[in-house]
file coords38.cif (mmCIF, C-alpha atoms (C1' of nucleotides))
data_protein
#
loop_
_atom_site.label_atom_id
_atom_site.label_comp_id
_atom_site.auth_asym_id
_atom_site.auth_seq_id
_atom_site.Cartn_x
_atom_site.Cartn_y
_atom_site.Cartn_z
CA MET S 1 45.11 4.53 33.36
CA ASP S 2 43.77 2.83 36.43
CA ARG S 3 40.32 1.75 35.32
CA PHE S 4 39.02 -0.89 32.99
CA VAL S 5 37.33 0.80 30.07
CA SER S 6 36.20 -0.03 26.55
CA ASN S 7 35.44 -3.47 25.18
CA PHE S 8 37.40 -5.98 23.14
CA THR S 9 36.46 -9.19 21.45
CA LEU S 10 39.15 -11.84 21.27
CA ARG S 11 39.21 -15.45 20.15
CA LEU S 12 40.08 -18.57 22.09
CA ASP S 13 42.85 -20.62 20.51
CA ALA S 14 42.92 -24.38 20.03
CA LYS S 15 44.13 -24.90 23.59
CA GLY S 16 41.36 -22.77 25.03
CA ARG S 17 43.54 -19.77 25.77
CA VAL S 18 42.56 -16.09 25.41
CA SER S 19 44.70 -13.03 25.62
CA ILE S 20 43.58 -10.54 28.22
CA PRO S 21 43.47 -7.19 26.37
CA ALA S 22 46.73 -5.34 26.88
CA SER S 23 45.06 -2.28 28.39
CA PHE S 24 43.34 -4.47 30.99
CA ARG S 25 46.61 -6.15 31.78
CA ALA S 26 48.13 -2.75 32.42
CA VAL S 27 45.40 -1.98 34.97
CA LEU S 28 45.90 -5.33 36.68
CA ALA S 29 49.63 -4.79 36.85
CA ARG S 30 49.10 -1.38 38.40
CA ASP S 31 46.92 -2.74 41.16
CA GLY S 32 49.59 -5.28 41.90
CA HIS S 33 47.73 -8.48 41.32
CA ASP S 34 49.28 -11.22 39.29
CA GLY S 35 46.66 -13.57 38.07
CA LEU S 36 43.06 -12.73 37.50
CA TYR S 37 40.40 -12.94 40.18
CA CYS S 38 37.05 -13.99 38.72
CA TYR S 39 33.66 -15.44 39.54
CA PRO S 40 30.30 -15.97 37.80
CA ALA S 41 28.22 -12.78 37.85
CA LEU S 42 25.23 -13.10 40.13
CA ASP S 43 22.44 -12.19 37.79
CA GLN S 44 23.97 -12.15 34.35
CA PRO S 45 25.38 -14.84 32.10
CA ALA S 46 28.82 -13.31 32.44
CA VAL S 47 31.98 -13.57 34.48
CA ASP S 48 33.16 -10.74 36.73
CA ALA S 49 36.91 -10.32 36.77
CA GLY S 50 39.49 -8.01 38.25
CA GLY S 51 42.35 -7.67 40.68
CA ASN S 52 42.80 -6.51 44.24
CA ALA S 53 40.20 -3.78 43.87
CA LEU S 54 37.55 -6.36 43.10
CA LEU S 55 38.73 -8.66 45.86
CA ALA S 56 38.53 -5.82 48.33
CA GLU S 57 34.98 -5.05 47.23
CA ILE S 58 33.93 -8.65 47.72
CA GLU S 59 35.57 -8.81 51.10
CA ALA S 60 33.89 -5.60 52.20
CA LEU S 61 30.55 -6.98 51.12
CA ILE S 62 31.07 -10.18 53.08
CA THR S 63 32.34 -8.53 56.24
CA SER S 64 29.39 -6.16 56.25
CA TYR S 65 27.41 -9.08 57.65
CA PRO S 66 28.04 -10.32 61.20
CA PRO S 67 30.40 -13.28 61.60
CA TYR S 68 28.64 -16.63 61.84
CA SER S 69 25.39 -15.21 60.45
CA ASP S 70 23.53 -17.17 57.80
CA GLU S 71 23.81 -14.25 55.41
CA ARG S 72 27.55 -14.16 55.76
CA ASP S 73 27.83 -17.89 55.24
CA ALA S 74 25.75 -17.63 52.08
CA PHE S 75 27.94 -14.84 50.71
CA THR S 76 31.11 -16.64 51.60
CA LEU S 77 29.99 -19.86 50.00
CA SER S 78 28.63 -18.39 46.82
CA LEU S 79 31.38 -15.81 46.30
CA TYR S 80 34.57 -17.45 47.57
CA GLY S 81 33.26 -20.87 46.69
CA THR S 82 32.82 -20.04 43.04
CA SER S 83 35.74 -17.63 42.62
CA GLU S 84 38.90 -18.59 40.91
CA THR S 85 42.29 -17.00 40.56
CA VAL S 86 43.41 -17.67 37.03
CA LYS S 87 47.08 -17.49 36.16
CA LEU S 88 48.29 -15.46 33.20
CA ASP S 89 50.96 -17.04 31.03
CA GLY S 90 53.99 -15.18 29.76
CA GLU S 91 51.98 -13.67 26.94
CA GLY S 92 49.13 -12.49 29.14
CA ARG S 93 46.72 -15.28 28.30
CA VAL S 94 44.43 -17.23 30.59
CA ILE S 95 42.52 -20.49 30.46
CA LEU S 96 39.05 -20.17 31.95
CA SER S 97 37.61 -23.13 33.77
CA GLU S 98 34.70 -25.04 32.28
CA ALA S 99 32.47 -23.76 35.07
CA LEU S 100 33.08 -20.13 34.15
CA LYS S 101 32.80 -20.69 30.41
CA SER S 102 29.55 -22.58 30.70
CA HIS S 103 28.02 -19.97 33.01
CA ALA S 104 28.67 -17.35 30.35
CA GLY S 105 27.96 -19.64 27.39
CA ILE S 106 31.41 -19.05 25.97
CA THR S 107 32.66 -21.30 23.22
CA GLU S 108 35.05 -19.70 20.79
CA ALA S 109 35.27 -15.98 21.44
CA ILE S 110 35.08 -13.61 24.38
CA ALA S 111 33.96 -10.02 24.78
CA PHE S 112 35.93 -8.21 27.48
CA VAL S 113 33.94 -5.28 28.86
CA GLY S 114 35.51 -2.65 31.09
CA LEU S 115 33.40 -1.51 34.05
CA GLY S 116 35.82 0.73 35.93
CA HIS S 117 37.14 -1.19 38.91
CA LYS S 118 36.37 -4.56 37.33
CA PHE S 119 35.54 -5.99 33.94
CA GLN S 120 33.21 -8.61 32.62
CA ILE S 121 33.64 -11.53 30.30
CA TRP S 122 30.76 -12.21 27.91
CA GLU S 123 29.89 -14.40 25.03
CA PRO S 124 30.04 -11.78 22.23
CA GLY S 125 26.50 -12.32 20.96
CA ARG S 126 24.97 -12.11 24.40
CA PHE S 127 27.00 -9.01 25.11
CA ARG S 128 25.65 -7.22 22.06
CA ALA S 129 22.11 -8.02 23.15
CA GLN S 130 22.78 -6.89 26.70
CA LEU S 131 24.39 -3.70 25.46
CA ALA S 132 21.43 -2.88 23.24
CA GLU S 133 19.09 -3.33 26.15
CA ALA S 134 21.22 -1.22 28.49
CA THR S 135 21.44 1.51 25.88
CA GLY S 136 17.67 1.61 25.68
CA THR S 137 17.39 1.92 29.45
CA VAL S 138 19.96 4.68 29.56
CA ARG S 139 18.18 6.59 26.82
CA ALA S 140 14.94 6.48 28.77
CA LEU S 141 16.66 7.55 31.98
CA LYS S 142 18.36 10.43 30.22
CA LYS S 143 15.05 11.69 28.98
CA GLN S 144 13.66 11.59 32.53
CA LEU S 145 16.74 13.38 33.74
CA GLY S 146 16.31 16.03 31.08
CA SER S 147 12.73 16.78 32.01
CA ARG S 148 13.55 16.80 35.69
CA VAL S 149 16.27 19.36 35.12
CA ALA S 150 13.99 21.38 32.89
CA ALA S 151 11.35 21.41 35.63
CA HIS S 152 13.94 22.46 38.13
CA GLU S 153 15.10 25.31 35.91
CA ALA S 154 11.53 26.43 35.43
CA GLN S 155 11.06 26.33 39.20
CA LYS S 156 14.11 28.51 39.71
CA ALA S 157 13.00 30.93 37.04
CA ARG S 158 9.69 31.35 38.83
CA GLU S 159 11.39 32.38 42.04
CA MET T 1 47.45 -16.41 46.98
CA ASP T 2 46.78 -16.53 50.68
CA ARG T 3 43.22 -17.66 50.89
CA PHE T 4 41.17 -20.64 49.89
CA VAL T 5 39.02 -19.92 46.84
CA SER T 6 37.18 -21.85 44.16
CA ASN T 7 35.89 -25.39 44.34
CA PHE T 8 37.22 -28.70 43.09
CA THR T 9 35.67 -32.11 42.93
CA LEU T 10 38.06 -35.03 43.34
CA ARG T 11 37.57 -38.75 43.68
CA LEU T 12 38.56 -41.08 46.46
CA ASP T 13 40.69 -43.98 45.34
CA ALA T 14 40.32 -47.62 46.32
CA LYS T 15 42.19 -47.03 49.56
CA GLY T 16 40.04 -44.07 50.52
CA ARG T 17 42.63 -41.44 49.69
CA VAL T 18 41.90 -38.01 48.17
CA SER T 19 44.26 -35.40 46.84
CA ILE T 20 43.92 -32.01 48.48
CA PRO T 21 43.71 -29.57 45.55
CA ALA T 22 47.14 -28.18 44.75
CA SER T 23 46.07 -24.57 45.24
CA PHE T 24 44.75 -25.38 48.71
CA ARG T 25 47.96 -27.15 49.56
CA ALA T 26 49.83 -24.00 48.59
CA VAL T 27 47.76 -21.95 51.03
CA LEU T 28 48.31 -24.47 53.82
CA ALA T 29 52.03 -24.47 53.16
CA ARG T 30 52.09 -20.69 53.31
CA ASP T 31 50.36 -20.56 56.66
CA GLY T 32 52.93 -22.98 57.96
CA HIS T 33 50.76 -25.89 58.98
CA ASP T 34 51.63 -29.37 57.93
CA GLY T 35 48.68 -31.62 58.16
CA LEU T 36 45.09 -30.59 57.86
CA TYR T 37 43.03 -29.40 60.81
CA CYS T 38 39.41 -30.47 60.44
CA TYR T 39 36.15 -31.01 62.27
CA PRO T 40 32.48 -31.57 61.37
CA ALA T 41 30.76 -28.29 60.49
CA LEU T 42 28.35 -27.23 63.20
CA ASP T 43 25.19 -26.75 61.18
CA GLN T 44 25.95 -28.28 57.80
CA PRO T 45 26.61 -31.80 56.53
CA ALA T 46 30.18 -30.83 55.72
CA VAL T 47 33.65 -30.82 57.19
CA ASP T 48 35.48 -27.59 57.98
CA ALA T 49 39.18 -27.74 57.27
CA GLY T 50 42.17 -25.45 57.28
CA GLY T 51 45.46 -24.60 58.93
CA ASN T 52 46.63 -22.21 61.58
CA ALA T 53 44.24 -19.47 60.49
CA LEU T 54 41.30 -21.73 61.22
CA LEU T 55 42.76 -22.89 64.52
CA ALA T 56 43.19 -19.27 65.56
CA GLU T 57 39.59 -18.50 64.71
CA ILE T 58 38.34 -21.42 66.78
CA GLU T 59 40.45 -20.39 69.69
CA ALA T 60 39.23 -16.82 69.49
CA LEU T 61 35.64 -18.02 69.45
CA ILE T 62 36.15 -20.17 72.52
CA THR T 63 38.06 -17.61 74.53
CA SER T 64 35.38 -15.03 73.83
CA TYR T 65 33.32 -16.85 76.47
CA PRO T 66 34.28 -16.64 80.14
CA PRO T 67 36.33 -19.55 81.48
CA TYR T 68 34.23 -22.24 83.13
CA SER T 69 31.04 -20.92 81.52
CA ASP T 70 28.64 -23.48 80.11
CA GLU T 71 28.96 -21.93 76.67
CA ARG T 72 32.70 -22.24 76.73
CA ASP T 73 32.55 -25.83 77.87
CA ALA T 74 30.08 -26.63 75.13
CA PHE T 75 32.19 -25.03 72.41
CA THR T 76 35.35 -26.59 73.68
CA LEU T 77 33.81 -30.01 73.75
CA SER T 78 32.10 -29.85 70.37
CA LEU T 79 34.94 -28.16 68.49
CA TYR T 80 38.12 -29.45 70.06
CA GLY T 81 36.49 -32.73 70.96
CA THR T 82 35.62 -33.60 67.38
CA SER T 83 38.65 -32.09 65.66
CA GLU T 84 41.28 -34.12 63.95
CA THR T 85 44.63 -33.34 62.44
CA VAL T 86 44.97 -35.36 59.27
CA LYS T 87 48.37 -35.75 57.75
CA LEU T 88 49.16 -35.50 54.07
CA ASP T 89 51.12 -38.21 52.28
CA GLY T 90 53.96 -37.47 49.89
CA GLU T 91 51.55 -36.74 47.06
CA GLY T 92 49.36 -34.38 49.09
CA ARG T 93 46.60 -36.85 49.80
CA VAL T 94 44.68 -37.47 53.01
CA ILE T 95 42.52 -40.22 54.44
CA LEU T 96 39.48 -38.88 56.25
CA SER T 97 38.18 -40.70 59.28
CA GLU T 98 34.87 -42.56 59.08
CA ALA T 99 33.36 -40.06 61.50
CA LEU T 100 34.09 -37.12 59.19
CA LYS T 101 33.01 -38.93 56.04
CA SER T 102 29.73 -40.09 57.52
CA HIS T 103 28.94 -36.63 58.88
CA ALA T 104 29.25 -35.26 55.37
CA GLY T 105 27.75 -38.30 53.65
CA ILE T 106 30.86 -38.80 51.58
CA THR T 107 31.28 -42.04 49.69
CA GLU T 108 33.27 -41.81 46.50
CA ALA T 109 33.97 -38.17 45.67
CA ILE T 110 34.59 -34.93 47.49
CA ALA T 111 33.88 -31.31 46.68
CA PHE T 112 36.51 -29.01 48.17
CA VAL T 113 35.10 -25.51 48.62
CA GLY T 114 37.25 -22.49 49.39
CA LEU T 115 35.83 -20.05 51.96
CA GLY T 116 38.73 -17.66 52.41
CA HIS T 117 40.44 -18.54 55.65
CA LYS T 118 39.20 -22.13 55.61
CA PHE T 119 37.63 -24.58 53.24
CA GLN T 120 34.86 -27.11 53.42
CA ILE T 121 34.57 -30.71 52.35
CA TRP T 122 31.21 -31.73 50.89
CA GLU T 123 29.57 -34.61 49.20
CA PRO T 124 29.39 -33.20 45.64
CA GLY T 125 25.63 -33.54 45.22
CA ARG T 126 24.88 -31.88 48.53
CA PHE T 127 27.32 -29.13 47.71
CA ARG T 128 25.56 -28.31 44.46
CA ALA T 129 22.26 -28.04 46.32
CA GLN T 130 23.76 -25.90 49.06
CA LEU T 131 25.45 -23.64 46.52
CA ALA T 132 22.22 -23.13 44.62
CA GLU T 133 20.48 -22.17 47.85
CA ALA T 134 23.24 -19.81 48.94
CA THR T 135 23.29 -18.16 45.53
CA GLY T 136 19.56 -17.57 45.75
CA THR T 137 19.98 -16.00 49.17
CA VAL T 138 22.78 -13.77 47.93
CA ARG T 139 20.75 -12.64 44.96
CA ALA T 140 17.89 -11.62 47.22
CA LEU T 141 20.19 -9.86 49.66
CA LYS T 142 21.94 -8.02 46.88
CA LYS T 143 18.64 -6.80 45.55
CA GLN T 144 17.76 -5.46 49.00
CA LEU T 145 21.12 -3.78 49.15
CA GLY T 146 20.52 -2.14 45.77
CA SER T 147 17.15 -0.76 46.68
CA ARG T 148 18.40 0.35 50.08
CA VAL T 149 21.16 2.35 48.44
CA ALA T 150 18.76 3.74 45.88
CA ALA T 151 16.39 4.83 48.64
CA HIS T 152 19.26 6.44 50.45
CA GLU T 153 20.32 8.34 47.35
CA ALA T 154 16.77 9.47 46.75
CA GLN T 155 16.61 10.63 50.35
CA LYS T 156 19.76 12.66 49.90
CA ALA T 157 18.47 14.16 46.68
CA ARG T 158 15.33 15.33 48.47
CA GLU T 159 17.32 17.20 51.07
"C1'" DT W 1 49.23 -64.86 59.05
"C1'" DT W 2 46.42 -61.35 57.79
"C1'" DG W 3 44.95 -56.96 57.43
"C1'" DA W 4 45.67 -52.06 57.94
"C1'" DC W 5 48.58 -48.43 57.06
"C1'" DG W 6 52.49 -45.67 55.39
"C1'" DA W 7 56.32 -44.86 52.17
"C1'" DC W 8 57.58 -45.04 47.55
"C1'" DC W 9 57.06 -45.51 42.43
"C1'" DA W 10 54.31 -45.13 37.84
"C1'" DT W 11 51.50 -42.70 34.50
"C1'" DA W 12 48.29 -40.05 31.71
"C1'" DA W 13 46.14 -35.71 31.21
"C1'" DG W 14 46.34 -31.20 31.51
"C1'" DG W 15 48.63 -26.90 32.64
"C1'" DT W 16 52.72 -23.90 32.14
"C1'" DC W 17 56.69 -22.09 30.00
"C1'" DC W 18 59.16 -20.72 26.13
"C1'" DC W 19 59.93 -19.39 21.40
"C1'" DA W 20 57.94 -18.03 16.77
"C1'" DT W 21 55.05 -15.27 13.55
"C1'" DG W 22 52.09 -11.96 11.27
"C1'" DA W 23 49.62 -7.90 11.91
"C1'" DT W 24 48.96 -3.53 13.70
"C1'" DA W 25 50.20 0.51 16.03
"C1'" DT W 26 53.77 3.73 17.51
"C1'" DC W 27 57.83 6.25 17.15
"C1'" DC W 28 61.44 8.76 15.02
"C1'" DC W 29 63.88 11.23 11.84
"C1'" DA W 30 64.62 13.22 7.58
"C1'" DT V 1 54.55 15.57 6.98
"C1'" DG V 2 55.68 11.22 5.17
"C1'" DG V 3 57.52 6.85 5.47
"C1'" DG V 4 60.45 3.50 7.19
"C1'" DA V 5 62.15 1.37 11.59
"C1'" DT V 6 60.65 -0.46 15.82
"C1'" DA V 7 57.70 -2.01 19.43
"C1'" DT V 8 53.57 -4.15 20.86
"C1'" DC V 9 49.99 -7.30 20.44
"C1'" DA V 10 47.22 -11.35 19.45
"C1'" DT V 11 47.86 -15.91 18.21
"C1'" DG V 12 50.11 -20.48 17.25
"C1'" DG V 13 52.84 -24.66 18.54
"C1'" DG V 14 56.19 -27.71 20.98
"C1'" DA V 15 58.72 -29.20 25.21
"C1'" DC V 16 58.43 -29.81 29.84
"C1'" DC V 17 56.55 -29.95 34.47
"C1'" DT V 18 52.72 -30.60 37.78
"C1'" DT V 19 48.75 -32.84 39.26
"C1'" DA V 20 45.59 -36.30 40.24
"C1'" DT V 21 45.31 -40.96 40.59
"C1'" DG V 22 46.59 -45.77 40.50
"C1'" DG V 23 49.49 -49.44 42.18
"C1'" DT V 24 53.39 -52.03 44.74
"C1'" DC V 25 56.04 -53.24 48.60
"C1'" DG V 26 57.37 -53.40 53.29
"C1'" DT V 27 56.18 -52.80 58.24
"C1'" DC V 28 53.75 -53.04 62.34
"C1'" DA V 29 50.08 -54.92 65.07
"C1'" DA V 30 46.39 -57.88 66.12
#
call {"tool": "encode", "arguments": {"input": "coords38.cif", "output": "structure tokens"}}
result
Amino acid sequence: MDRFVSNFTLRLDAKGRVSIPASFRAVLARDGHDGLYCYPALDQPAVDAGGNALLAEIEALITSYPPYSDERDAFTLSLYGTSETVKLDGEGRVILSEALKSHAGITEAIAFVGLGHKFQIWEPGRFRAQLAEATGTVRALKKQLGSRVAAHEAQKARE
Amino acid sequence: MDRFVSNFTLRLDAKGRVSIPASFRAVLARDGHDGLYCYPALDQPAVDAGGNALLAEIEALITSYPPYSDERDAFTLSLYGTSETVKLDGEGRVILSEALKSHAGITEAIAFVGLGHKFQIWEPGRFRAQLAEATGTVRALKKQLGSRVAAHEAQKARE
DNA sequence: TTGACGACCATAAGGTCCCATGATATCCCA
DNA sequence: TGGGATATCATGGGACCTTATGGTCGTCAA
């Protein structure tokens, strides 16, 4: 498996540690990144996390703007400036910085959510809400899709 | 890790010393530069700092202009002329010159901000403001990017 | 002498490593 | 196919090391 999928909810222990789900660790190991690269998500109360694949994406985004441009500086500051590389301990646990936890509103448990090339870290309650909302959106889109296809079929039948 | 990421806020002690964050020191050590190369940022109230990677960038920028050109002279003067190489003490601390501190408005604490190949030194309050602004810019740019891609996809679908 | 500066030592907090445990999942073999 | 052996996983706790930060002492120069 080379993608982050599924979601897991795990608790923080007394020292503020959380285990990264084993299946996520396997993906990280495969992409050859020890430690976890993470940063606060831009427009969600969550933390984006991943390995080299995510780093490469960020770097591509930044270098798509000309060197020394204001846009590039803004990206560099807000992405590199707020990123962290968190070390895993021998058991595959991490300690998130206060900055990351407070951005996501995390206190005692974490929902890990696989998103393919990266995963997100949510406060479990907020994640459920976000998921419900996303599910609604997807349902609506699927309906649209269905009618569009139906129309297309009808069109073809007419020919 | 081979690049500067994340941000740390550390205090100056009574003698004006600050610890360079350990993870930054590790990057400097890796790029084989003892001492810290720094100069006032051109268009921000901050100090740019780094090792050989930063030096190389500066040199590339300067040599991109023809020798004896006004532009080259200007860059040479304002970059090399204001640069300093600060040395680290046994505990990884530095003492910044008055010139650098006053350019950044630093009095009692410093925000170290990783920007990949270099890092910046800010007065913590100013850094927070700058980060908020940059994050706003990035959000807007990312939205543009999203709609641009969407438009592109729609265009392709129409074909 | 005095004041600035550099080398060295001290310390508390927090991070890291290592080992232990219960629970669950997986495997293997009858 | 069933059921026990084994491996894996999440979680807990203690020992130790690193880090940031403070201070002391000597040295060199003004």
call {"tool": "closest_atom_pairs", "arguments": {"input": "coords38.cif", "of": "chain V", "to": "segment 8-17 of chain W", "cutoff": "8 Å", "atoms": "only C-alpha atoms (C1' of nucleotides)", "output": "tab-separated table"}}
result
residue	atom	partner	partner_atom	distance
V:DC16	C1'	W:DC17	C1'	7.9
V:DC17	C1'	W:DT16	C1'	7.5
V:DT18	C1'	W:DG15	C1'	7.5
V:DG23	C1'	W:DA10	C1'	7.8
V:DT24	C1'	W:DC9	C1'	7.8
call {"tool": "residues_near_point", "arguments": {"input": "coords38.cif", "point": "(55.9, -3.6, 18.0)", "cutoff": "8 Å", "atoms": "all atoms listed in the file", "output": "list in words"}}
result
DA25 and DT26 of chain W; DT6, DA7, DT8 and DC9 of chain V
call {"tool": "write_last_selection", "arguments": {"input": "coords38.cif", "atoms": "C-alpha atoms (C1' of nucleotides)", "output": "PDB file, keeping the file's coordinate frame"}}
result
ATOM      1  C1'  DA W  25      50.200   0.510  16.030  1.00  0.00           C
ATOM      2  C1'  DT W  26      53.770   3.730  17.510  1.00  0.00           C
TER       3       DT W  26
ATOM      4  C1'  DT V   6      60.650  -0.460  15.820  1.00  0.00           C
ATOM      5  C1'  DA V   7      57.700  -2.010  19.430  1.00  0.00           C
ATOM      6  C1'  DT V   8      53.570  -4.150  20.860  1.00  0.00           C
ATOM      7  C1'  DC V   9      49.990  -7.300  20.440  1.00  0.00           C
TER       8       DC V   9
END
call {"tool": "interface_residues", "arguments": {"input": "coords38.cif", "of": "chain S", "to": "chain V", "cutoff": "9 Å", "atoms": "only C-alpha atoms (C1' of nucleotides)", "output": "list in words"}}
result
Leu10, Arg11, Asp13, Ala14, Val18, Ser19, Pro21 and Ala22 of chain S
call {"tool": "calpha_fit_and_write", "arguments": {"input": "coords38.cif", "fixed": "chain T", "moving": "chain S", "output": "short mmCIF file (atom, residue, chain, number, x, y, z; two decimals) with C-alpha atoms, keeping the file's coordinate frame"}}
result
data_model
loop_
_atom_site.label_atom_id
_atom_site.label_comp_id
_atom_site.auth_asym_id
_atom_site.auth_seq_id
_atom_site.Cartn_x
_atom_site.Cartn_y
_atom_site.Cartn_z
CA MET S 1 47.57 -16.29 47.28
CA ASP S 2 46.73 -16.56 50.93
CA ARG S 3 43.06 -17.45 50.85
CA PHE S 4 41.12 -20.52 49.92
CA VAL S 5 39.03 -19.76 46.87
CA SER S 6 37.17 -21.61 44.14
CA ASN S 7 35.88 -25.16 44.30
CA PHE S 8 37.19 -28.50 43.09
CA THR S 9 35.69 -31.92 42.90
CA LEU S 10 38.07 -34.83 43.33
CA ARG S 11 37.62 -38.56 43.66
CA LEU S 12 38.60 -40.88 46.48
CA ASP S 13 40.83 -43.74 45.38
CA ALA S 14 40.51 -47.39 46.36
CA LYS S 15 42.35 -46.78 49.62
CA GLY S 16 40.09 -43.89 50.55
CA ARG S 17 42.61 -41.18 49.76
CA VAL S 18 41.87 -37.77 48.19
CA SER S 19 44.25 -35.19 46.90
CA ILE S 20 43.87 -31.80 48.51
CA PRO S 21 43.66 -29.35 45.57
CA ALA S 22 47.10 -27.94 44.84
CA SER S 23 46.01 -24.34 45.32
CA PHE S 24 44.66 -25.17 48.78
CA ARG S 25 47.88 -26.92 49.64
CA ALA S 26 49.76 -23.78 48.71
CA VAL S 27 47.65 -21.76 51.16
CA LEU S 28 48.21 -24.31 53.91
CA ALA S 29 51.93 -24.30 53.30
CA ARG S 30 51.99 -20.53 53.50
CA ASP S 31 50.29 -20.48 56.87
CA GLY S 32 52.85 -22.95 58.10
CA HIS S 33 50.66 -25.83 59.06
CA ASP S 34 51.56 -29.31 58.01
CA GLY S 35 48.57 -31.53 58.18
CA LEU S 36 45.01 -30.43 57.89
CA TYR S 37 42.92 -29.28 60.82
CA CYS S 38 39.27 -30.27 60.40
CA TYR S 39 36.00 -30.82 62.21
CA PRO S 40 32.34 -31.44 61.33
CA ALA S 41 30.57 -28.17 60.49
CA LEU S 42 28.07 -27.21 63.15
CA ASP S 43 24.95 -26.80 61.10
CA GLN S 44 25.78 -28.21 57.71
CA PRO S 45 26.50 -31.70 56.45
CA ALA S 46 30.05 -30.68 55.66
CA VAL S 47 33.52 -30.65 57.14
CA ASP S 48 35.34 -27.41 57.95
CA ALA S 49 39.04 -27.56 57.25
CA GLY S 50 42.04 -25.28 57.34
CA GLY S 51 45.34 -24.52 58.99
CA ASN S 52 46.57 -22.25 61.74
CA ALA S 53 44.18 -19.48 60.76
CA LEU S 54 41.23 -21.75 61.44
CA LEU S 55 42.74 -23.06 64.65
CA ALA S 56 43.26 -19.52 65.86
CA GLU S 57 39.63 -18.68 65.11
CA ILE S 58 38.41 -21.68 67.08
CA GLU S 59 40.67 -20.86 69.97
CA ALA S 60 39.50 -17.26 70.02
CA LEU S 61 35.91 -18.43 70.07
CA ILE S 62 36.55 -20.75 72.99
CA THR S 63 38.54 -18.29 75.06
CA SER S 64 35.85 -15.67 74.62
CA TYR S 65 33.96 -17.57 77.30
CA PRO S 66 35.17 -17.54 80.92
CA PRO S 67 37.32 -20.48 82.04
CA TYR S 68 35.38 -23.22 83.79
CA SER S 69 32.04 -21.93 82.48
CA ASP S 70 29.55 -24.41 81.09
CA GLU S 71 29.59 -22.61 77.76
CA ARG S 72 33.32 -22.95 77.47
CA ASP S 73 33.19 -26.62 78.36
CA ALA S 74 30.56 -27.20 75.70
CA PHE S 75 32.65 -25.44 73.06
CA THR S 76 35.78 -27.25 74.07
CA LEU S 77 34.12 -30.63 73.99
CA SER S 78 32.28 -30.20 70.74
CA LEU S 79 35.07 -28.41 68.87
CA TYR S 80 38.31 -29.94 70.17
CA GLY S 81 36.58 -33.22 70.85
CA THR S 82 35.50 -33.69 67.27
CA SER S 83 38.47 -32.05 65.53
CA GLU S 84 41.14 -34.01 63.85
CA THR S 85 44.51 -33.16 62.41
CA VAL S 86 44.86 -35.21 59.27
CA LYS S 87 48.29 -35.89 57.85
CA LEU S 88 49.05 -35.25 54.20
CA ASP S 89 51.11 -37.88 52.40
CA GLY S 90 53.97 -37.06 50.08
CA GLU S 91 51.57 -36.38 47.24
CA GLY S 92 49.32 -34.08 49.24
CA ARG S 93 46.57 -36.60 49.89
CA VAL S 94 44.63 -37.25 53.07
CA ILE S 95 42.48 -40.02 54.47
CA LEU S 96 39.40 -38.68 56.24
CA SER S 97 38.12 -40.55 59.24
CA GLU S 98 34.83 -42.42 59.05
CA ALA S 99 33.30 -39.92 61.45
CA LEU S 100 34.00 -36.98 59.15
CA LYS S 101 32.95 -38.79 55.99
CA SER S 102 29.68 -39.96 57.46
CA HIS S 103 28.85 -36.50 58.82
CA ALA S 104 29.17 -35.13 55.30
CA GLY S 105 27.71 -38.19 53.57
CA ILE S 106 30.85 -38.66 51.52
CA THR S 107 31.35 -41.90 49.67
CA GLU S 108 33.34 -41.65 46.48
CA ALA S 109 33.98 -38.01 45.64
CA ILE S 110 34.56 -34.75 47.46
CA ALA S 111 33.83 -31.13 46.64
CA PHE S 112 36.43 -28.79 48.12
CA VAL S 113 34.99 -25.30 48.58
CA GLY S 114 37.17 -22.31 49.38
CA LEU S 115 35.78 -19.89 51.98
CA GLY S 116 38.70 -17.51 52.48
CA HIS S 117 40.42 -18.41 55.72
CA LYS S 118 39.09 -21.97 55.67
CA PHE S 119 37.50 -24.38 53.24
CA GLN S 120 34.75 -26.92 53.38
CA ILE S 121 34.48 -30.51 52.30
CA TRP S 122 31.14 -31.56 50.81
CA GLU S 123 29.55 -34.48 49.14
CA PRO S 124 29.36 -33.09 45.57
CA GLY S 125 25.61 -33.52 45.16
CA ARG S 126 24.80 -31.87 48.45
CA PHE S 127 27.17 -29.06 47.62
CA ARG S 128 25.40 -28.30 44.36
CA ALA S 129 22.09 -28.13 46.20
CA GLN S 130 23.53 -25.91 48.92
CA LEU S 131 25.12 -23.65 46.33
CA ALA S 132 21.85 -23.25 44.45
CA GLU S 133 20.10 -22.28 47.63
CA ALA S 134 22.81 -19.82 48.65
CA THR S 135 22.73 -18.26 45.20
CA GLY S 136 19.02 -17.69 45.55
CA THR S 137 19.51 -16.01 48.92
CA VAL S 138 22.26 -13.81 47.59
CA ARG S 139 20.14 -12.76 44.64
CA ALA S 140 17.34 -11.69 46.95
CA LEU S 141 19.74 -9.81 49.22
CA LYS S 142 21.29 -8.03 46.27
CA LYS S 143 17.91 -6.82 45.16
CA GLN S 144 17.24 -5.44 48.65
CA LEU S 145 20.63 -3.81 48.61
CA GLY S 146 19.90 -2.26 45.25
CA SER S 147 16.64 -0.71 46.36
CA ARG S 148 18.17 0.51 49.59
CA VAL S 149 20.92 2.26 47.69
CA ALA S 150 18.41 3.67 45.24
CA ALA S 151 16.37 5.06 48.13
CA HIS S 152 19.48 6.54 49.62
CA GLU S 153 20.41 8.21 46.34
CA ALA S 154 16.91 9.59 46.02
CA GLN S 155 17.19 10.92 49.58
CA LYS S 156 20.44 12.66 48.75
CA ALA S 157 19.02 14.10 45.57
CA ARG S 158 16.17 15.62 47.55
CA GLU S 159 18.55 17.46 49.84
#
call {"tool": "interface_residues", "arguments": {"input": "coords38.cif", "of": "chain W", "to": "chain T", "cutoff": "10 Å", "atoms": "only C-alpha atoms (C1' of nucleotides)", "output": "list in words"}}
result
DC5, DG6, DA7 and DC8 of chain W
